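The next block holds one structure in the form of structure tokens; read it before the comments.
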Amino acid sequence: MSTTTDADLRTPAEVSTALPAAQQPVWPDRSALDAAVAELGTYPPLVFAGECDVLRDRMAAASRGEAFVLQGGDCAETFAGASADNIKNRIKTILQMAAVLTYGASVPVVKVGRMAGQFAKPRSSNTETREGVTLPAYRGDMVNDFEFTQAARTPDPQRLVKAYHASSATLNLVRAFTTGGFADLRHVHDWNRGFVANAANQRYEKLARDIDKAMKFMAACGADFEAMRTTEFFAAHEALVLDYERPLTRVDSRTGDLYDTSGHFIWVGERTRDLGGAHLDFVSKVHNPIGVKVSANAQLDDLLRMIDLVDPERTPGRLTFITRMGAGRIREALPAIVEKVTASGAAVTWVCDPMHGNTFESASGYKTRDFDDVVDEVRGFFEVHQGLGTVPGGLHVELTGNDVTECLGGSEKILDADLSQRYESVCDPRLNHQQSLELAFLVAEMLGRD
Ligand code: PEP
Ligand code: CO
């Protein structure tokens, strides 16, 4: 499928509000901020309204069980990490997972990168103290630098501009890799054969063989593999720093509607989804498909009011609840929420984030997650939806295509003592390439069981 373009998106519209905005950087220099925001307002859109509309339709299909969504990428992208190899490896991992999930779910997989804009992070504290020195917390490369010095940690609004350019370069590669032949299903399948050829992954060999047979069957039937050389791929990030999102919001001249052109799908995080806050107000005004993170502590009434605010017309695909409850709580906390939201007549898409409710500090002091907890939360997600007769619409994971050691377990059996070998995330721990594929095989088994 192609990218729809709207060459005639017009000048930036004001999406301002007096409502309080949580988790915003404290910019030290107001005029430098104004200059950066003004500069962003002159730049072309990164994505187009028509593409966002296509993704809304895809999310709607997922809400009905006619598609399955896979959202994945870094917890926090960095400028230094926006290299061709890193981006290629991440896309490759997502494509490999998607191929396996497509087979398991027997429906199209909607591929969405947590990328080309995921440069800002909410933090539990405004400051960080190390050995008696207190500095501003790292809020993502869009705001400040990870290095622990006063100069690096001081928010710099020119970083908003740099984030735009890094996102633009990333999207350029994403579009090239997904339309230029790299995404050819036959290659992707060969890569997956390489994965199961590894002795540690033998338990997935049967599924890989079944996919092999399906590919041969398709070939024998004369399937048009040339048409499968390209794939649709969308970009998503948390719409956190409003000084970045607002100037990239534009009017679609076809309809007069506003779109946040910084990414196709934007979400509001667990820490910024207050009903009286600026973030929900902002996303309620733009027409992109919207996600909201939902923890086990979410109040049902708040969620129902949120639906009225963000999706008053009950447009299928408009609103996605990304649940992130933790393996230990999902089975107890999710059913009432899904039941009541469904009873309200809302058509939300349910996506499972099995990462953010399962973070803990390891004995050696690393922020980590256990692969088994991740799998168990996904299993719980499917069990709950199966029990209620509702639709599990997709997965949202923090992953990298590289061979890092950030999450425990998986078939490589990463231990606490291994975490120091290659812990590269500047924020949350990500599944590495192997763990990501393993998750896809396990989820494909869960999906195939229905
Ligand atoms: C995230 O997705 O990186 C994140 C911060 O998630 P949450 O808002 O669910 O905590
Ligand atoms: Co995270």
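By order of appearance in the structure tokens: chains A, B, ..., then residues from 1 within every chain, and ligands from 1 in the order shown.
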Quiz item: Counting only C-alpha atoms and all ligand atoms, which protein, DNA or RNA residues come within 12 Å of ligand 2, given as a PyMOL selection string?
Solution: chain A and resi 72-77+114+118-123+140+237-238+269-271+293+324+353-359+367-369+396-399+425-431
Practice problem: Find the residues near Asn172 of chain A: any atom within 12 Å, counting only C-alpha atoms, skip ones fewer than 2 places away on the same chain, and give them as a ChimeraX atom specification. | Solution: /A:46-47,82-84,87-88,115-116,165-170,174-180,233-235
Any chance you can output those residues with C-alpha atoms as a PDB file, in the first residue's frame?
```
ATOM      1  CA  LEU A  46       6.811  14.616   8.743  1.00  0.00           C
ATOM      2  CA  VAL A  47       3.695  12.557   8.041  1.00  0.00           C
ATOM      3  CA  ALA A  82      19.611   7.210  14.814  1.00  0.00           C
ATOM      4  CA  SER A  83      22.130   5.391  12.610  1.00  0.00           C
ATOM      5  CA  ALA A  84      21.343   3.438   9.463  1.00  0.00           C
ATOM      6  CA  ILE A  87      17.207   1.677  12.230  1.00  0.00           C
ATOM      7  CA  LYS A  88      17.589  -1.172   9.742  1.00  0.00           C
ATOM      8  CA  MET A 115      10.317   5.643  16.310  1.00  0.00           C
ATOM      9  CA  ALA A 116      10.968   8.895  14.436  1.00  0.00           C
ATOM     10  CA  HIS A 165      15.681  16.506  11.769  1.00  0.00           C
ATOM     11  CA  ALA A 166      16.546  13.169  13.410  1.00  0.00           C
ATOM     12  CA  SER A 167      12.909  12.091  12.988  1.00  0.00           C
ATOM     13  CA  SER A 168      12.920  13.200   9.375  1.00  0.00           C
ATOM     14  CA  ALA A 169      16.113  11.237   8.635  1.00  0.00           C
ATOM     15  CA  THR A 170      14.706   8.194  10.453  1.00  0.00           C
ATOM     16  CA  VAL A 174      11.897   3.729   7.270  1.00  0.00           C
ATOM     17  CA  ARG A 175      10.191   4.598   4.007  1.00  0.00           C
ATOM     18  CA  ALA A 176      13.189   3.360   1.995  1.00  0.00           C
ATOM     19  CA  PHE A 177      13.518   0.079   3.890  1.00  0.00           C
ATOM     20  CA  THR A 178       9.813  -0.724   3.738  1.00  0.00           C
ATOM     21  CA  THR A 179       9.237   0.124   0.081  1.00  0.00           C
ATOM     22  CA  GLY A 180      12.583  -0.626  -1.570  1.00  0.00           C
ATOM     23  CA  PHE A 233       4.795   0.945   8.114  1.00  0.00           C
ATOM     24  CA  PHE A 234       3.741   3.711  10.481  1.00  0.00           C
ATOM     25  CA  ALA A 235       5.519   5.865  13.072  1.00  0.00           C
TER      26      ALA A 235
END
```
Which parts of segment 67-266 of chain A does DSSP call strand (DSSP E or B) when run on the backbone here, written out as a PDB file with C-alpha atoms, in the first residue's frame?
```
ATOM      1  CA  PHE A  68      -3.436  -7.284  14.639  1.00  0.00           C
ATOM      2  CA  VAL A  69      -1.267  -4.315  15.637  1.00  0.00           C
ATOM      3  CA  LEU A  70       2.439  -4.569  16.414  1.00  0.00           C
ATOM      4  CA  GLN A  71       3.979  -1.431  17.902  1.00  0.00           C
ATOM      5  CA  GLY A  72       7.661  -1.651  18.791  1.00  0.00           C
ATOM      6  CA  GLY A  73      10.863   0.270  19.259  1.00  0.00           C
ATOM      7  CA  VAL A 109      -0.358  -7.225  10.991  1.00  0.00           C
ATOM      8  CA  VAL A 110      -0.303  -3.433  11.251  1.00  0.00           C
ATOM      9  CA  LYS A 111       3.345  -2.453  11.707  1.00  0.00           C
ATOM     10  CA  VAL A 112       4.051   0.607  13.799  1.00  0.00           C
ATOM     11  CA  GLY A 113       7.510   1.734  14.920  1.00  0.00           C
ATOM     12  CA  ARG A 114       8.001   3.433  18.264  1.00  0.00           C
ATOM     13  CA  THR A 127      16.040  15.958  39.390  1.00  0.00           C
ATOM     14  CA  GLU A 128      18.577  13.165  39.698  1.00  0.00           C
ATOM     15  CA  THR A 129      21.164  12.950  42.478  1.00  0.00           C
ATOM     16  CA  ARG A 130      24.430  11.048  42.122  1.00  0.00           C
ATOM     17  CA  VAL A 133      25.330  16.123  43.116  1.00  0.00           C
ATOM     18  CA  THR A 134      21.788  17.045  42.036  1.00  0.00           C
ATOM     19  CA  LEU A 135      21.048  17.932  38.394  1.00  0.00           C
ATOM     20  CA  PRO A 136      17.924  18.127  36.211  1.00  0.00           C
ATOM     21  CA  PHE A 234       3.741   3.711  10.481  1.00  0.00           C
ATOM     22  CA  ALA A 235       5.519   5.865  13.072  1.00  0.00           C
ATOM     23  CA  ALA A 236       4.381   6.433  16.655  1.00  0.00           C
ATOM     24  CA  HIS A 237       5.631   8.195  19.764  1.00  0.00           C
ATOM     25  CA  GLU A 238       4.426   9.610  23.057  1.00  0.00           C
ATOM     26  CA  THR A 249       0.241  20.509  14.114  1.00  0.00           C
ATOM     27  CA  ARG A 250      -1.242  21.557  10.791  1.00  0.00           C
ATOM     28  CA  VAL A 251      -4.586  22.085   9.092  1.00  0.00           C
ATOM     29  CA  LEU A 258      -6.024  19.434  12.539  1.00  0.00           C
ATOM     30  CA  TYR A 259      -3.360  16.720  12.441  1.00  0.00           C
ATOM     31  CA  ASP A 260      -0.225  16.385  14.517  1.00  0.00           C
ATOM     32  CA  PHE A 265      -0.049   7.534  15.898  1.00  0.00           C
ATOM     33  CA  ILE A 266       0.612   9.491  19.075  1.00  0.00           C
TER      34      ILE A 266
END
```
Quiz item: Skipping near chain neighbours, those fewer than 6 positions away, what residues fall within 10 Å of Phe282 of chain A using only C-alpha atoms, listed as a PyMOL selection string?
Solution: chain A and resi 15-17+19+239+242+245-246+249+260+268+310
Self-check item: Shell around segment 24-26 of chain A at 7 Å using only C-alpha atoms, local window under 6 positions removed, as a VMD selection string
Solution: chain A and resid 143 155 241
Practice problem: Rank nothing, just name the residue among A:Gly387, A:Gly263, A:Gly401, A:Gly365 nearest to Ala49 of chain A, using only C-alpha atoms. | Solution: A:Gly263
Quiz item: segment 109-268 of chain A: which residues are helix (DSSP H, G or I) by DSSP, as JSON, numbers by chain?
Solution: {"A": [150, 151, 152, 153, 158, 159, 160, 161, 162, 163, 164, 165, 166, 167, 168, 169, 170, 171, 172, 173, 174, 175, 176, 177, 178, 179, 185, 186, 187, 188, 189, 190, 191, 192, 193, 194, 195, 196, 197, 199, 200, 201, 202, 203, 204, 205, 206, 207, 208, 209, 210, 211, 212, 213, 214, 215, 216, 217, 218, 219, 220, 225, 226, 227, 228, 229, 242, 243, 244, 245]}
